[in-house]
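Peer 1: Here it is: the structure, laid out below.
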Amino acid sequence: MKIDPVIDRIFGNTRASNLVATGSTKKSSLRARRLTALSMLVCAVLNCQPTVWAEEKGKDMSSAESLIKSGKYAAAIDLYNKQIDANPKVAKTYIDRAAARIALGEYKNAIQDCTQAIKLDPKSSSAYSYRATARVNMGEPKKAMPDLETAVKLDPKNIDAYFQRAVAYSKLGDQKSALQDYTAILQIRPTSIDTLNNRGMIQMYMGNHSAAIEDFSKAIQIHPTYPLALNNRGLARRASGDQQTAVKDFERAIIIDANYEAAHYNLGLSHLAMNDAKSALNDFDTTIKINPKNVEAYFQRAMTYSKLDNGKAAIQDYTKVLELQPTSIDALNNRAMVYLYQGDYKKAVEDFDKAIKVNPNYALAYNNRGLARRAAKDQTGAIEDFDKAIRINANYAEAYYNRGIAWRSSQKNDLAMADFEKALKINPSFEACLLTRAEMRGSQGDRSGAIADYDKVVKSHPSNSGAYTLRATTQYELGNLAGTIADCTQAIAVAPTNAGAYYLRGRAYYDSASYKLALADLTKVVAISRGQGAAALYSAILAAIVYRNLHDEKSAGRLLSQISAIHPQAGWPGPLLKYLSKQISQSQLLAAAQNNPQLAEARTYIGFDLLQQGKKEEAKKELDWVINYAPRIAAYYDAKAVVDKMQTAISNKSNPGM
């Protein structure tokens, strides 16, 4: 579906409907019957309705002109034929017949009539402007220009000539000249609402939103029930970022004309932009009810269903789009993405294949087919698709990133890192790529590099609570407790229910011996998570340790009992809960650990328990095992922090001067 490139540039949406600038409602159709043939045809670039016949002709009309006024163009042509047969030397009759023929789309015949009229009356401004009108509507605005220049020169007040020339300029991409012609019309007739509307559209296309709004407002002030101007003012307000007021304009247009298809559609787009998916859905439903063949409305409704996680309905609408427009690569791509999210990789690949068959240079489809193949564990096929996407578009940052993920899954970390570097060179603030590279750097021991990446993320995306939490985790691994606490605090400020940030800050407070602050954070995690989930379980376990450090065995027991009642004891860390509740022994806890990380956790908490019993040597033995043999998981850092504190205490005793 072709979209005016200027509209596309302003609204930033390649799916913007061709309805955005139209006024095709039932009421406007009735109004169109009161226009001259010329006036009905100046819907070229902007699809708008220009000068009203009554403004030009006055009240005295011949029977043929009355037929034109009522839209009976064929009957009017019959009358003109008879008049020409009776007297073939009257230029005006040819001009009037040309107007009727233009209304019926008989442009070549209209040109012949105008040419004959010019032969009879070389100074007829109308004959030139009508011939130009036919050429503009035939898609030949450049050929129309000489006639329009002549028409204006012969009659400097020929409003229709200025109007057609403005339309021709718009078609030729010369919006500035079009603006000048509309302004010339308004100097002759300041109350021409159609000219105000059209000049407003040009202003909007040129990015002059405030000027556009002013023109639409003037038209509405002259004619308060002019739905086209209300719709278009809504577009201008939306383009300027004022969605709320735009919605009011679209709603007013709908009140005037309940069947105004474009206004319902545009209202849906605004609701969608405001994340009001349910209202948008109602708007698109109404649009489709008015016009069951509105491809764009089905497309946007499908996208809305996706936002509402209704994949089945989204697929139905994309399928309807493809029934109406079988070669819509966007619909094929989007339907494939829904299949991908549903886990139906086979159907997803089939749709991507179809899109690529329609357009072999569709980089997006190659990239997305790569995602489907990667999800289906076909890393080789995925990499081939990402390669193709990159060959088509060398600056496709997402394709580099996705190929990097595929390389990493194939254990080719050097290639993965190289692709992440390329993606970030193209888009330095690529959030997902920065986070992935940071995680990869951290796993390779480059924690300073990881923090540098997290720094970039929070600088570009300061509301990313997870990025602060991840940076806090790396700070904790480096032993920077103050940095950990600061980052967790920022993460919580951005997202007050970030349980992970509370848990990590609680651990940092615990390691800093700020037990009361640690308890506040750890119990907060339990409250936020309602005692469920890994964060709640480990927070409760650590909180119990803290209570015991504070010699509050009663509170520790009560908390462990509460969590035990919620958590299924069979699964891990159920045995930890049982051990800390003194339901099982050390040996039983160690026997319950099924892998090295669980064994590390078991020994860590055994060490904590022994330490609280005053058995420091035995505790250190357990914690040293974790430090020496366990992978670098949370238990490692817990154990290391305690051992470091023990060694510091010993050092201070042996070196009292330090």
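Here's how to read the names in the structure tokens: chain A, B, ... by the order shown, residue numbers from 1 in each chain, ligand numbers from 1 in the order shown.
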Name the residues of region 298-393 of chain A that come out as helix (DSSP H, G or I) in a backbone DSSP run; write them as a PyMOL selection string.
Peer 2: chain A and resi 298-307+311-324+329-341+345-358+363-375+379-392
Peer 1: Set the distance at 12 Å and use only C-alpha atoms: which residues neighbour Thr225 (chain A) once local chain neighbours fewer than 5 positions away are removed? I'd like the list as JSON, numbers by chain.
Peer 2: {"A": [27, 28, 193, 217, 219, 220, 230, 231, 249, 252, 253, 254, 255, 256, 257]}
Peer 1: So that I have them on file, write out the residues from the current selection with C-alpha atoms, as a PDB file, in the first residue's frame.
Peer 2:
ATOM      1  CA  LYS A  27     -21.704  13.416   4.845  1.00  0.00           C
ATOM      2  CA  SER A  28     -18.758  14.580   2.799  1.00  0.00           C
ATOM      3  CA  ILE A 193     -12.352  26.402   4.643  1.00  0.00           C
ATOM      4  CA  SER A 217      -8.601  25.884  13.860  1.00  0.00           C
ATOM      5  CA  ALA A 219     -11.445  26.417   9.294  1.00  0.00           C
ATOM      6  CA  ILE A 220     -13.258  24.950  12.305  1.00  0.00           C
ATOM      7  CA  LEU A 230     -11.172  18.289  13.011  1.00  0.00           C
ATOM      8  CA  ASN A 231      -9.655  14.982  11.878  1.00  0.00           C
ATOM      9  CA  ASP A 249     -10.467  16.220  17.912  1.00  0.00           C
ATOM     10  CA  ARG A 252     -15.514  15.540  17.896  1.00  0.00           C
ATOM     11  CA  ALA A 253     -15.241  14.536  14.234  1.00  0.00           C
ATOM     12  CA  ILE A 254     -16.988  11.252  15.048  1.00  0.00           C
ATOM     13  CA  ILE A 255     -19.772  13.038  16.926  1.00  0.00           C
ATOM     14  CA  ILE A 256     -20.433  15.068  13.760  1.00  0.00           C
ATOM     15  CA  ASP A 257     -20.245  11.984  11.556  1.00  0.00           C
TER      16      ASP A 257
END
Peer 1: Which residue gives the smallest distance to Tyr182 (chain A) among A:Ser170, A:Ser448, A:Asn198, A:Asn266, with only C-alpha atoms counted?
Peer 2: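 When distances to Tyr182 (chain A) are compared using only C-alpha atoms, the smallest one comes from A:Asn198.
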Peer 1: Could you check which of A:Gly445, A:Pro462, A:Gly533, A:Gly506 is closest to Pro573 (chain A), using only C-alpha atoms?
Peer 2: A:Gly533
Peer 1: Can you work out which one of A:Leu308, A:Met206, A:Ile84, A:Ala331 has the shortest atom-to-atom distance to Gln175 (chain A), counting only C-alpha atoms?
Peer 2: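 Closest candidate: A:Met206.
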Peer 1: Can you check which parts of region 454-535 of chain A lie within 7 Å of region 542-558 of chain A? Per residue, the shortest pair of atoms and distance in Å to one decimal, counting only C-alpha atoms, sorted by chain and number, as a Markdown table.
Peer 2:
| residue | atom | partner | partner_atom | distance |
| --- | --- | --- | --- | --- |
| A:Tyr515 | CA | A:Val546 | CA | 6.2 |
| A:Leu519 | CA | A:Ala543 | CA | 5.8 |
| A:Leu522 | CA | A:Ala543 | CA | 6.0 |
Peer 1: Please write the residues from the selection above to a file, keeping all heavy atoms, as an mmCIF file, in the first residue's frame.
Peer 2:
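Just written: selection.cif:
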data_model
loop_
_atom_site.group_PDB
_atom_site.id
_atom_site.type_symbol
_atom_site.label_atom_id
_atom_site.label_comp_id
_atom_site.auth_asym_id
_atom_site.auth_seq_id
_atom_site.Cartn_x
_atom_site.Cartn_y
_atom_site.Cartn_z
ATOM 1 N N TYR A 515 23.015 -5.149 60.335
ATOM 2 C CA TYR A 515 22.024 -6.215 60.384
ATOM 3 C C TYR A 515 20.570 -5.728 60.349
ATOM 4 O O TYR A 515 19.713 -6.350 59.727
ATOM 5 C CB TYR A 515 22.267 -7.080 61.617
ATOM 6 C CG TYR A 515 23.602 -7.797 61.578
ATOM 7 C CD1 TYR A 515 24.459 -7.781 62.669
ATOM 8 C CD2 TYR A 515 24.003 -8.496 60.435
ATOM 9 C CE1 TYR A 515 25.689 -8.427 62.627
ATOM 10 C CE2 TYR A 515 25.231 -9.147 60.380
ATOM 11 C CZ TYR A 515 26.065 -9.111 61.481
ATOM 12 O OH TYR A 515 27.279 -9.744 61.440
ATOM 13 N N LEU A 519 17.929 -6.801 57.584
ATOM 14 C CA LEU A 519 16.637 -7.408 57.889
ATOM 15 C C LEU A 519 15.485 -6.682 57.206
ATOM 16 O O LEU A 519 14.565 -7.299 56.677
ATOM 17 C CB LEU A 519 16.395 -7.401 59.404
ATOM 18 C CG LEU A 519 16.946 -8.579 60.198
ATOM 19 C CD1 LEU A 519 16.662 -8.393 61.669
ATOM 20 C CD2 LEU A 519 16.334 -9.888 59.692
ATOM 21 N N LEU A 522 15.582 -7.739 53.519
ATOM 22 C CA LEU A 522 15.290 -9.153 53.288
ATOM 23 C C LEU A 522 13.830 -9.477 53.576
ATOM 24 O O LEU A 522 13.193 -10.230 52.835
ATOM 25 C CB LEU A 522 16.214 -10.018 54.142
ATOM 26 C CG LEU A 522 17.713 -9.901 53.787
ATOM 27 C CD1 LEU A 522 18.570 -10.583 54.839
ATOM 28 C CD2 LEU A 522 17.992 -10.492 52.407
#
Peer 1: May I ask which of the residues A:Ala212, A:Ile290, A:Leu623, A:Ala297 is the closest one to Leu269 (chain A), counting only C-alpha atoms?
Peer 2: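 Result for the nearest residue to Leu269 (chain A): A:Ala297.
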